[in-house]
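Coordinates from input06.pdb are shown below (PDB, C-alpha atoms).
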ATOM      1  CA  MET A   1       0.000   0.000   0.000
ATOM      2  CA  PRO A   2       1.467   3.431  -0.938
ATOM      3  CA  LYS A   3       2.604   5.480   2.001
ATOM      4  CA  MET A   4       0.270   8.429   1.412
ATOM      5  CA  GLN A   5      -2.726   6.103   0.991
ATOM      6  CA  LEU A   6      -1.954   4.353   4.298
ATOM      7  CA  SER A   7      -1.564   7.700   6.062
ATOM      8  CA  ASP A   8      -4.892   8.836   4.637
ATOM      9  CA  ARG A   9      -6.620   5.672   5.883
ATOM     10  CA  ILE A  10      -5.144   6.066   9.349
ATOM     11  CA  GLY A  11      -6.219   9.696   9.537
ATOM     12  CA  ARG A  12      -9.787   8.828   8.569
ATOM     13  CA  ARG A  13     -10.348   5.488  10.300
ATOM     14  CA  MET A  14      -7.958   5.058  13.213
ATOM     15  CA  LYS A  15      -9.582   6.013  16.526
ATOM     16  CA  LEU A  16      -7.889   6.897  19.795
ATOM     17  CA  HIS A  17     -10.443   4.745  21.585
ATOM     18  CA  ASP A  18      -9.382   1.667  19.595
ATOM     19  CA  LEU A  19      -5.723   2.335  20.350
ATOM     20  CA  HIS A  20      -6.562   2.675  24.045
ATOM     21  CA  VAL A  21      -8.358  -0.681  23.880
ATOM     22  CA  LEU A  22      -5.306  -2.315  22.258
ATOM     23  CA  MET A  23      -3.066  -1.042  25.064
ATOM     24  CA  ALA A  24      -5.497  -2.385  27.666
ATOM     25  CA  VAL A  25      -5.671  -5.820  25.979
ATOM     26  CA  VAL A  26      -1.885  -6.195  25.877
ATOM     27  CA  GLN A  27      -1.512  -5.036  29.467
ATOM     28  CA  ALA A  28      -4.274  -7.392  30.677
ATOM     29  CA  GLY A  29      -3.119 -10.335  28.556
ATOM     30  CA  SER A  30      -6.585 -11.211  27.266
ATOM     31  CA  MET A  31      -9.632  -9.560  25.736
ATOM     32  CA  SER A  32     -11.954 -10.764  28.487
ATOM     33  CA  ARG A  33      -9.820  -9.232  31.262
ATOM     34  CA  ALA A  34      -9.438  -6.023  29.244
ATOM     35  CA  ALA A  35     -13.225  -5.839  28.876
ATOM     36  CA  GLN A  36     -13.595  -6.041  32.665
ATOM     37  CA  ILE A  37     -10.990  -3.325  33.196
ATOM     38  CA  LEU A  38     -12.622  -1.063  30.579
ATOM     39  CA  ASN A  39     -16.127  -1.832  31.882
ATOM     40  CA  THR A  40     -17.333  -2.989  28.469
ATOM     41  CA  THR A  41     -18.059  -6.272  26.680
ATOM     42  CA  GLN A  42     -15.637  -8.691  25.050
ATOM     43  CA  PRO A  43     -17.357  -8.344  21.612
ATOM     44  CA  ALA A  44     -16.841  -4.563  21.842
ATOM     45  CA  VAL A  45     -13.149  -5.091  22.596
ATOM     46  CA  SER A  46     -12.801  -7.565  19.712
ATOM     47  CA  ARG A  47     -14.515  -5.094  17.385
ATOM     48  CA  SER A  48     -12.098  -2.292  18.352
ATOM     49  CA  ILE A  49      -9.082  -4.525  17.677
ATOM     50  CA  ALA A  50     -10.544  -5.643  14.346
ATOM     51  CA  ASP A  51     -11.236  -2.035  13.315
ATOM     52  CA  LEU A  52      -7.684  -1.067  14.227
ATOM     53  CA  GLU A  53      -6.155  -3.967  12.284
ATOM     54  CA  HIS A  54      -8.359  -3.118   9.280
ATOM     55  CA  ALA A  55      -7.349   0.559   9.398
ATOM     56  CA  ILE A  56      -3.633  -0.247   9.471
ATOM     57  CA  GLY A  57      -3.756  -3.339   7.302
ATOM     58  CA  VAL A  58      -1.681  -5.705   9.463
ATOM     59  CA  ARG A  59      -2.311  -8.168  12.298
ATOM     60  CA  LEU A  60      -1.588  -6.567  15.666
ATOM     61  CA  LEU A  61      -2.235  -9.484  18.031
ATOM     62  CA  ASP A  62      -1.423 -13.187  18.053
ATOM     63  CA  ARG A  63      -4.236 -15.088  19.747
ATOM     64  CA  SER A  64      -3.942 -18.444  21.538
ATOM     65  CA  ARG A  65      -5.714 -20.366  24.276
ATOM     66  CA  HIS A  66      -3.285 -18.781  26.746
ATOM     67  CA  GLY A  67      -4.239 -15.221  25.822
ATOM     68  CA  VAL A  68      -2.879 -12.612  23.410
ATOM     69  CA  GLU A  69       0.568 -11.261  22.575
ATOM     70  CA  PRO A  70       1.395  -8.270  20.367
ATOM     71  CA  THR A  71       2.930  -9.017  16.989
ATOM     72  CA  GLU A  72       5.964  -7.105  15.765
ATOM     73  CA  TYR A  73       3.539  -4.601  14.203
ATOM     74  CA  GLY A  74       1.564  -4.421  17.434
ATOM     75  CA  ARG A  75       4.653  -3.655  19.501
ATOM     76  CA  ALA A  76       5.638  -0.870  17.102
ATOM     77  CA  LEU A  77       2.152   0.659  17.343
ATOM     78  CA  LEU A  78       2.119   0.353  21.130
ATOM     79  CA  ASP A  79       5.442   2.185  21.398
ATOM     80  CA  GLY A  80       4.043   5.048  19.363
ATOM     81  CA  GLY A  81       0.719   4.919  21.188
ATOM     82  CA  THR A  82       2.352   5.275  24.607
ATOM     83  CA  ALA A  83       4.222   8.364  23.435
ATOM     84  CA  MET A  84       1.124   9.773  21.744
ATOM     85  CA  PHE A  85      -1.121   9.453  24.795
ATOM     86  CA  ASP A  86       1.647  10.946  26.933
ATOM     87  CA  ASP A  87       1.932  13.897  24.540
ATOM     88  CA  LEU A  88      -1.830  14.405  24.813
ATOM     89  CA  ARG A  89      -1.622  14.362  28.614
ATOM     90  CA  GLN A  90       1.214  16.885  28.448
ATOM     91  CA  ALA A  91      -0.855  19.086  26.149
ATOM     92  CA  VAL A  92      -3.797  18.992  28.573
ATOM     93  CA  ARG A  93      -1.476  19.851  31.454
ATOM     94  CA  ASN A  94      -0.135  22.806  29.419
ATOM     95  CA  ILE A  95      -3.699  24.000  28.854
ATOM     96  CA  GLU A  96      -4.403  23.699  32.571
ATOM     97  CA  PHE A  97      -1.308  25.786  33.293
ATOM     98  CA  ILE A  98      -2.368  28.449  30.795
ATOM     99  CA  ALA A  99      -5.809  28.551  32.422
ATOM    100  CA  ASP A 100      -4.302  28.697  35.939
ATOM    101  CA  PRO A 101      -0.488  29.018  36.288
ATOM    102  CA  THR A 102      -0.694  28.341  40.036
ATOM    103  CA  MET A 103      -1.739  24.683  39.747
ATOM    104  CA  GLY A 104      -0.680  21.490  37.968
ATOM    105  CA  GLU A 105       1.111  18.201  38.587
ATOM    106  CA  VAL A 106       4.735  17.036  38.800
ATOM    107  CA  ARG A 107       5.790  13.369  38.951
ATOM    108  CA  ILE A 108       9.280  12.825  40.339
ATOM    109  CA  GLY A 109      11.397   9.692  40.618
ATOM    110  CA  ALA A 110      14.344   9.722  43.038
ATOM    111  CA  THR A 111      16.630   7.492  45.062
ATOM    112  CA  ASP A 112      15.782   7.075  48.749
ATOM    113  CA  PRO A 113      18.467   9.399  50.222
ATOM    114  CA  LEU A 114      17.303  12.186  47.906
ATOM    115  CA  ILE A 115      13.662  11.523  48.837
ATOM    116  CA  VAL A 116      14.572  11.994  52.504
ATOM    117  CA  GLY A 117      16.820  15.029  51.947
ATOM    118  CA  VAL A 118      16.867  17.038  48.715
ATOM    119  CA  VAL A 119      13.371  16.371  47.359
ATOM    120  CA  PRO A 120      11.433  17.602  50.440
ATOM    121  CA  ALA A 121      13.556  20.760  50.503
ATOM    122  CA  VAL A 122      12.718  21.441  46.845
ATOM    123  CA  LEU A 123       9.019  20.670  47.324
ATOM    124  CA  GLU A 124       8.837  22.923  50.380
ATOM    125  CA  ARG A 125      10.073  25.823  48.286
ATOM    126  CA  LEU A 126       7.776  24.925  45.372
ATOM    127  CA  HIS A 127       4.659  24.653  47.541
ATOM    128  CA  ARG A 128       5.444  27.843  49.419
ATOM    129  CA  ARG A 129       5.171  29.665  46.088
ATOM    130  CA  PHE A 130       2.543  27.511  44.360
ATOM    131  CA  PRO A 131       0.507  25.692  47.036
ATOM    132  CA  ARG A 132      -1.938  24.162  44.545
ATOM    133  CA  ILE A 133       0.674  22.249  42.546
ATOM    134  CA  SER A 134       0.346  18.495  43.149
ATOM    135  CA  THR A 135       3.445  16.314  43.367
ATOM    136  CA  HIS A 136       3.942  12.547  43.214
ATOM    137  CA  VAL A 137       7.274  11.067  44.329
ATOM    138  CA  THR A 138       8.278   7.545  43.248
ATOM    139  CA  PRO A 139      11.237   5.719  44.855
ATOM    140  CA  ILE A 140      13.855   4.384  42.443
ATOM    141  CA  LEU A 141      14.798   1.178  44.199
ATOM    142  CA  GLY A 142      17.887  -0.088  42.383
ATOM    143  CA  ASN A 143      20.457   0.714  39.727
ATOM    144  CA  ALA A 144      18.608  -1.395  37.140
ATOM    145  CA  GLN A 145      15.417   0.689  37.529
ATOM    146  CA  GLN A 146      17.094   4.045  37.089
ATOM    147  CA  TYR A 147      15.680   4.971  33.665
ATOM    148  CA  HIS A 148      12.750   2.530  33.469
ATOM    149  CA  ASP A 149       9.982   4.774  34.826
ATOM    150  CA  LEU A 150      11.345   7.750  32.886
ATOM    151  CA  ARG A 151      11.239   5.875  29.587
ATOM    152  CA  GLU A 152       7.814   4.448  30.404
ATOM    153  CA  ARG A 153       6.700   8.071  30.985
ATOM    154  CA  LYS A 154       5.471   7.236  34.469
ATOM    155  CA  ILE A 155       7.523  10.143  35.834
ATOM    156  CA  ASP A 156       8.432  13.555  34.428
ATOM    157  CA  LEU A 157      11.887  13.847  35.973
ATOM    158  CA  LEU A 158      14.460  11.610  37.600
ATOM    159  CA  LEU A 159      16.688  12.874  40.413
ATOM    160  CA  GLY A 160      19.783  10.824  41.049
ATOM    161  CA  ARG A 161      23.349  10.044  40.130
ATOM    162  CA  ILE A 162      24.253  11.070  36.600
ATOM    163  CA  ARG A 163      26.169   8.184  35.112
ATOM    164  CA  SER A 164      28.798   8.577  32.422
ATOM    165  CA  PRO A 165      28.423   8.222  29.518
ATOM    166  CA  ILE A 166      24.938   9.734  29.315
ATOM    167  CA  GLN A 167      22.602   7.537  27.292
ATOM    168  CA  ASP A 168      21.461   8.946  23.955
ATOM    169  CA  ASP A 169      17.800   9.483  24.868
ATOM    170  CA  ILE A 170      18.484  11.120  28.243
ATOM    171  CA  HIS A 171      19.027  14.811  28.955
ATOM    172  CA  ALA A 172      20.944  15.444  32.182
ATOM    173  CA  GLU A 173      21.678  18.582  34.204
ATOM    174  CA  ILE A 174      24.146  18.393  37.099
ATOM    175  CA  LEU A 175      22.923  20.148  40.255
ATOM    176  CA  PHE A 176      25.745  19.290  42.683
ATOM    177  CA  HIS A 177      28.333  16.664  43.598
ATOM    178  CA  ASP A 178      27.542  14.391  46.509
ATOM    179  CA  SER A 179      29.797  12.316  48.758
ATOM    180  CA  ILE A 180      29.521   9.653  51.450
ATOM    181  CA  LYS A 181      30.059  10.184  55.162
ATOM    182  CA  ILE A 182      30.486   7.517  57.831
ATOM    183  CA  ILE A 183      28.309   8.279  60.811
ATOM    184  CA  ALA A 184      27.810   6.926  64.305
ATOM    185  CA  GLY A 185      24.898   7.088  66.679
ATOM    186  CA  PRO A 186      25.261   8.689  70.119
ATOM    187  CA  LYS A 187      25.821   5.285  71.779
ATOM    188  CA  SER A 188      28.814   4.371  69.623
ATOM    189  CA  LYS A 189      32.289   4.491  71.186
ATOM    190  CA  TRP A 190      33.576   5.856  67.881
ATOM    191  CA  ALA A 191      31.534   9.053  68.228
ATOM    192  CA  ARG A 192      34.231  10.426  70.568
ATOM    193  CA  ARG A 193      37.248   9.529  68.402
ATOM    194  CA  ARG A 194      39.113  12.334  66.647
ATOM    195  CA  LYS A 195      40.893  10.108  64.154
ATOM    196  CA  VAL A 196      39.702   6.829  62.648
ATOM    197  CA  ASP A 197      41.069   4.574  59.914
ATOM    198  CA  LEU A 198      38.456   2.623  57.963
ATOM    199  CA  PRO A 199      39.915  -0.890  58.629
ATOM    200  CA  GLU A 200      39.543  -0.232  62.381
ATOM    201  CA  LEU A 201      35.799  -0.421  61.832
ATOM    202  CA  ALA A 202      35.760  -3.788  60.065
ATOM    203  CA  ASN A 203      34.192  -5.739  62.953
ATOM    204  CA  GLU A 204      31.770  -3.078  64.155
ATOM    205  CA  PRO A 205      27.955  -3.413  63.829
ATOM    206  CA  TRP A 206      27.015  -1.646  60.586
ATOM    207  CA  SER A 207      23.810  -0.302  59.118
ATOM    208  CA  LEU A 208      24.231  -0.200  55.341
ATOM    209  CA  PRO A 209      22.219   0.896  52.290
ATOM    210  CA  PRO A 210      20.679  -1.731  49.984
ATOM    211  CA  LEU A 211      23.502  -3.632  48.309
ATOM    212  CA  ASP A 212      22.173  -3.018  44.776
ATOM    213  CA  SER A 213      21.791   0.740  45.299
ATOM    214  CA  LEU A 214      24.220   3.486  44.256
ATOM    215  CA  ILE A 215      25.448   4.061  47.808
ATOM    216  CA  GLY A 216      25.634   0.319  48.428
ATOM    217  CA  THR A 217      27.886  -0.328  45.426
ATOM    218  CA  LEU A 218      30.149   2.624  46.242
ATOM    219  CA  VAL A 219      30.545   1.551  49.862
ATOM    220  CA  ALA A 220      31.221  -2.042  48.784
ATOM    221  CA  ASP A 221      34.026  -0.849  46.490
ATOM    222  CA  ALA A 222      35.501   1.302  49.282
ATOM    223  CA  PHE A 223      35.496  -1.540  51.796
ATOM    224  CA  ARG A 224      37.091  -3.980  49.385
ATOM    225  CA  ALA A 225      39.696  -1.406  48.329
ATOM    226  CA  ARG A 226      40.844  -1.303  51.974
ATOM    227  CA  GLY A 227      40.921  -5.107  52.254
ATOM    228  CA  MET A 228      37.672  -5.363  54.219
ATOM    229  CA  LYS A 229      34.903  -7.914  53.814
ATOM    230  CA  PHE A 230      31.615  -6.633  52.398
ATOM    231  CA  PRO A 231      29.019  -6.797  53.659
ATOM    232  CA  PRO A 232      30.410  -7.097  57.201
ATOM    233  CA  ALA A 233      29.038  -9.889  59.355
ATOM    234  CA  GLY A 234      25.848  -8.879  61.149
ATOM    235  CA  ALA A 235      25.202  -5.816  58.996
ATOM    236  CA  ALA A 236      21.635  -4.496  58.809
ATOM    237  CA  CYS A 237      20.751  -3.245  55.322
ATOM    238  CA  GLY A 238      17.953  -0.815  54.549
ATOM    239  CA  THR A 239      16.939   2.580  53.236
ATOM    240  CA  ALA A 240      18.154   5.948  54.482
ATOM    241  CA  SER A 241      14.940   6.280  56.487
ATOM    242  CA  PHE A 242      15.675   2.953  58.192
ATOM    243  CA  LEU A 243      19.279   3.962  58.883
ATOM    244  CA  CYS A 244      18.248   7.212  60.580
ATOM    245  CA  ALA A 245      15.793   5.302  62.798
ATOM    246  CA  TYR A 246      18.213   2.450  63.569
ATOM    247  CA  LEU A 247      21.481   4.209  64.438
ATOM    248  CA  PRO A 248      20.301   5.990  67.611
ATOM    249  CA  ARG A 249      19.186   2.643  69.091
ATOM    250  CA  GLY A 250      22.645   1.159  69.587
ATOM    251  CA  PRO A 251      26.396   1.355  69.017
ATOM    252  CA  PHE A 252      25.963   1.193  65.257
ATOM    253  CA  LEU A 253      27.831   2.750  62.339
ATOM    254  CA  GLY A 254      26.392   3.726  58.995
ATOM    255  CA  THR A 255      26.988   5.494  55.694
ATOM    256  CA  ILE A 256      24.969   8.438  54.462
ATOM    257  CA  PRO A 257      25.220  10.986  51.620
ATOM    258  CA  ALA A 258      26.398  14.458  52.594
ATOM    259  CA  SER A 259      23.315  15.948  50.872
ATOM    260  CA  LEU A 260      21.011  14.140  53.302
ATOM    261  CA  LEU A 261      22.986  15.379  56.309
ATOM    262  CA  ARG A 262      22.719  18.909  54.974
ATOM    263  CA  LEU A 263      19.056  19.011  53.920
ATOM    264  CA  GLY A 264      17.372  16.235  55.889
ATOM    265  CA  ALA A 265      14.810  17.522  58.385
ATOM    266  CA  ASN A 266      14.366  16.105  61.903
ATOM    267  CA  LEU A 267      17.401  13.844  61.680
ATOM    268  CA  PRO A 268      18.527  12.202  64.931
ATOM    269  CA  TYR A 269      21.861  13.112  66.464
ATOM    270  CA  LEU A 270      24.480  11.583  64.173
ATOM    271  CA  LYS A 271      28.220  12.047  64.558
ATOM    272  CA  VAL A 272      30.250  12.245  61.342
ATOM    273  CA  LEU A 273      33.416  10.221  61.865
ATOM    274  CA  PRO A 274      36.787  11.534  60.628
ATOM    275  CA  VAL A 275      37.251   8.674  58.155
ATOM    276  CA  THR A 276      38.731   9.091  54.688
ATOM    277  CA  LEU A 277      36.843   6.985  52.155
ATOM    278  CA  PRO A 278      38.322   6.075  48.730
ATOM    279  CA  ILE A 279      35.137   7.290  47.035
ATOM    280  CA  PRO A 280      35.294  10.355  44.770
ATOM    281  CA  PRO A 281      32.296  12.720  44.733
ATOM    282  CA  TRP A 282      29.688  11.912  42.090
ATOM    283  CA  PRO A 283      27.364  14.174  40.076
ATOM    284  CA  VAL A 284      23.722  14.368  41.131
ATOM    285  CA  GLY A 285      21.163  16.042  38.955
ATOM    286  CA  ILE A 286      17.928  16.050  37.014
ATOM    287  CA  MET A 287      17.316  13.688  34.111
ATOM    288  CA  SER A 288      14.522  13.790  31.547
ATOM    289  CA  LEU A 289      13.740  12.322  28.134
ATOM    290  CA  LYS A 290      15.224  14.325  25.265
ATOM    291  CA  ASN A 291      12.213  13.860  22.982
ATOM    292  CA  ARG A 292       9.642  14.831  25.615
ATOM    293  CA  THR A 293       8.414  18.391  26.122
ATOM    294  CA  LEU A 294       8.393  19.413  29.776
ATOM    295  CA  THR A 295       5.326  21.232  31.059
ATOM    296  CA  PRO A 296       5.653  24.688  32.646
ATOM    297  CA  VAL A 297       4.851  23.217  36.075
ATOM    298  CA  VAL A 298       7.693  20.698  35.747
ATOM    299  CA  GLN A 299       9.968  23.586  34.808
ATOM    300  CA  LEU A 300       8.963  25.353  38.035
ATOM    301  CA  PHE A 301      10.152  22.300  39.980
ATOM    302  CA  ILE A 302      13.477  22.380  38.119
ATOM    303  CA  ASP A 303      13.915  26.075  38.943
ATOM    304  CA  CYS A 304      13.335  25.368  42.646
ATOM    305  CA  ALA A 305      15.787  22.443  42.556
ATOM    306  CA  ARG A 306      18.464  24.725  41.133
ATOM    307  CA  GLU A 307      17.853  27.300  43.858
ATOM    308  CA  VAL A 308      17.928  24.779  46.724
ATOM    309  CA  THR A 309      21.160  23.131  45.579
ATOM    310  CA  LYS A 310      23.086  26.106  44.209
ATOM    311  CA  HIS A 311      25.341  26.384  47.277
ATOM    312  CA  MET A 312      25.964  22.639  47.633
ATOM    313  CA  GLY A 313      29.002  20.664  46.547
ATOM    314  CA  ARG A 314      30.343  21.818  43.193
ATOM    315  CA  LYS A 315      33.218  20.187  41.391
ATOM    316  CA  SER A 316      35.696  22.559  39.840
TER     317      SER A 316
END
Output the structure of this file as structure tokens.
Amino acid sequence: MPKMQLSDRIGRRMKLHDLHVLMAVVQAGSMSRAAQILNTTQPAVSRSIADLEHAIGVRLLDRSRHGVEPTEYGRALLDGGTAMFDDLRQAVRNIEFIADPTMGEVRIGATDPLIVGVVPAVLERLHRRFPRISTHVTPILGNAQQYHDLRERKIDLLLGRIRSPIQDDIHAEILFHDSIKIIAGPKSKWARRRKVDLPELANEPWSLPPLDSLIGTLVADAFRARGMKFPPAGAACGTASFLCAYLPRGPFLGTIPASLLRLGANLPYLKVLPVTLPIPPWPVGIMSLKNRTLTPVVQLFIDCAREVTKHMGRKS
């Protein structure tokens, strides 16, 4: 079929509703489950898929007794459909901003230490100026998930470590350089020491970040570089929130980003130990998709993030 003729058929016959139904069917794995989710009938779902396949001229789904799977053509259409519906949502959000610049929505993904420290400081500033802006914060749990929610368009921005080299579809802006501090709770004997060498702490009770997280991998490398076992025997691993709740309860040691110590609110008493770690500072910043237009409300969040972090660690 000639290209212009196919484009003409799509423009006249392809419906957004049918594309939405296709996305629901693939996500649900069957037409019957999709019909339940969409609160419609299975024949209506089948008719939408048939109309869509007729409009495009190719089979979009492979059907079997186990359910449905998208064909190669179906996957290509779904990729474009996800971006298209996201663009429509962005357009509606832009219209809402034009109608009322004081309200809107921002969806942020961030690692746990930033959620406890930097992100609340940015949101406090944003909401002080624009109290009707809604925000949704999603934890990024491990290194493997870093760009997943961004590429799936589940979040507008990602706050975290900027890895080098930057991937082709990602735009990154460095806000500051972070570092790791070793801390002790008030009950630790090390809280009174003026000089400490890392190997001296090898057999102490540690509270450590998740082993597959950014901080966890950096700390693991530092321990091993000094000939220490990682993780140490008896270590308790958890998020930054867990660490801040755990350390004051005993003679424990932990690791924490300098940004959290600086911006975290209501932190317990934590003593930074004079330990030199073989971990260079790393860039932290905002990441977004290059081919995605940011709404004005998202840009307001970025402006506040720049203001909050402008006096933090910079690398010359």
Using all atoms listed in the file, which protein or nucleic acid residues come within 12 Å of Pro248 of chain A? Drop anything in the same chain fewer than 6 positions from it, and give the result as an MDAnalysis selection string. chainID A and resid 183:188 191 207 242 254 267:271
I need the residue set behind the PyMOL selection byres ((chain A and resi 217) around 12) for this file; please write it as an MDAnalysis selection string. chainID A and resid 142:143 180 208:216 218:224 230:231 255 279
With all atoms listed in the file as the counted atoms, please give the residues lying no more than 12 Å from segment 118-131 of chain A, apart from itself and same-chain residues fewer than 6 positions off, as a ChimeraX atom specification. /A:97,100-112,137-139,157-160,175-176,178,257-266,284-286,297-310,312
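One distance worth recording is that between atom CA of Ala55 of chain A and atom CA of Asp18 of chain A, which is 10.5 Å.
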Find, counting only C-alpha atoms, the residue in A:Leu201, A:Ile162, A:Leu273, A:Ile95 that gets nearest to Lys181 of chain A.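 Of A:Leu201, A:Ile162, A:Leu273, A:Ile95, the one nearest Lys181 of chain A, counting only C-alpha atoms, is A:Leu273.
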Any idea what the distance is between atom CA of Arg63 of chain A and atom CA of Met31 of chain A?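 A separation of 9.8 Å between them.
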Evaluate the PyMOL selection byres ((chain A and resi 290) around 12) and record the selected residues as number ranges by chain, following the chain and residue labels used in the document. A: 150-151, 156-157, 166-173, 287-289, 291-294
Can you sort out the box for segment 42-50 of chain A, edges along x, y and z, all listed atoms in, 3 Å on every side, with centre and edge lengths in Å to one decimal, as AutoDock Vina command-line options?
--center_x -13.2 --center_y -5.5 --center_z 19.7 --size_x 14.3 --size_y 12.4 --size_z 16.7
Record the distance separating atom CA of Leu19 of chain A and atom CA of Gly81 of chain A, expressed in Å with one decimal. 7.0 Å
Report as a list in words all protein, DNA and RNA residues lying within 9 Å of segment 42-47 of chain A, evaluated on all atoms listed in the file, omitting residues in the same chain fewer than 5 positions from it.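 Listed by chain and then number, they are Asp18, Val21, Leu22, Val25, Met31, Ser32, Arg33, Ala34, Ala35, Gln36 and Leu52 of chain A.
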Neighbour residues at most 8 Å from (-1.7, -11.9, 25.8) (all atoms listed in the file) as a PDB file with C-alpha atoms, in the frame of the given file:
ATOM      1  CA  VAL A  25      -5.671  -5.820  25.979  1.00  0.00           C
ATOM      2  CA  VAL A  26      -1.885  -6.195  25.877  1.00  0.00           C
ATOM      3  CA  GLN A  27      -1.512  -5.036  29.467  1.00  0.00           C
ATOM      4  CA  ALA A  28      -4.274  -7.392  30.677  1.00  0.00           C
ATOM      5  CA  GLY A  29      -3.119 -10.335  28.556  1.00  0.00           C
ATOM      6  CA  SER A  30      -6.585 -11.211  27.266  1.00  0.00           C
ATOM      7  CA  ASP A  62      -1.423 -13.187  18.053  1.00  0.00           C
ATOM      8  CA  ARG A  63      -4.236 -15.088  19.747  1.00  0.00           C
ATOM      9  CA  HIS A  66      -3.285 -18.781  26.746  1.00  0.00           C
ATOM     10  CA  GLY A  67      -4.239 -15.221  25.822  1.00  0.00           C
ATOM     11  CA  VAL A  68      -2.879 -12.612  23.410  1.00  0.00           C
ATOM     12  CA  GLU A  69       0.568 -11.261  22.575  1.00  0.00           C
ATOM     13  CA  PRO A  70       1.395  -8.270  20.367  1.00  0.00           C
TER      14      PRO A  70
END
Identify, on the basis of all atoms listed in the file, every residue whose closest approach to Val58 of chain A does not exceed 12 Å; exclude the query and any residue fewer than 2 positions from it along the same chain; express the result as a ChimeraX atom specification. /A:1,6,49-56,60-62,70-74,76-77
So which one's closest to Leu243 of chain A, A:Glu200, A:Pro113, A:Lys15, A:Val92? Using only C-alpha atoms, please.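 Nearest to Leu243 of chain A: A:Pro113.
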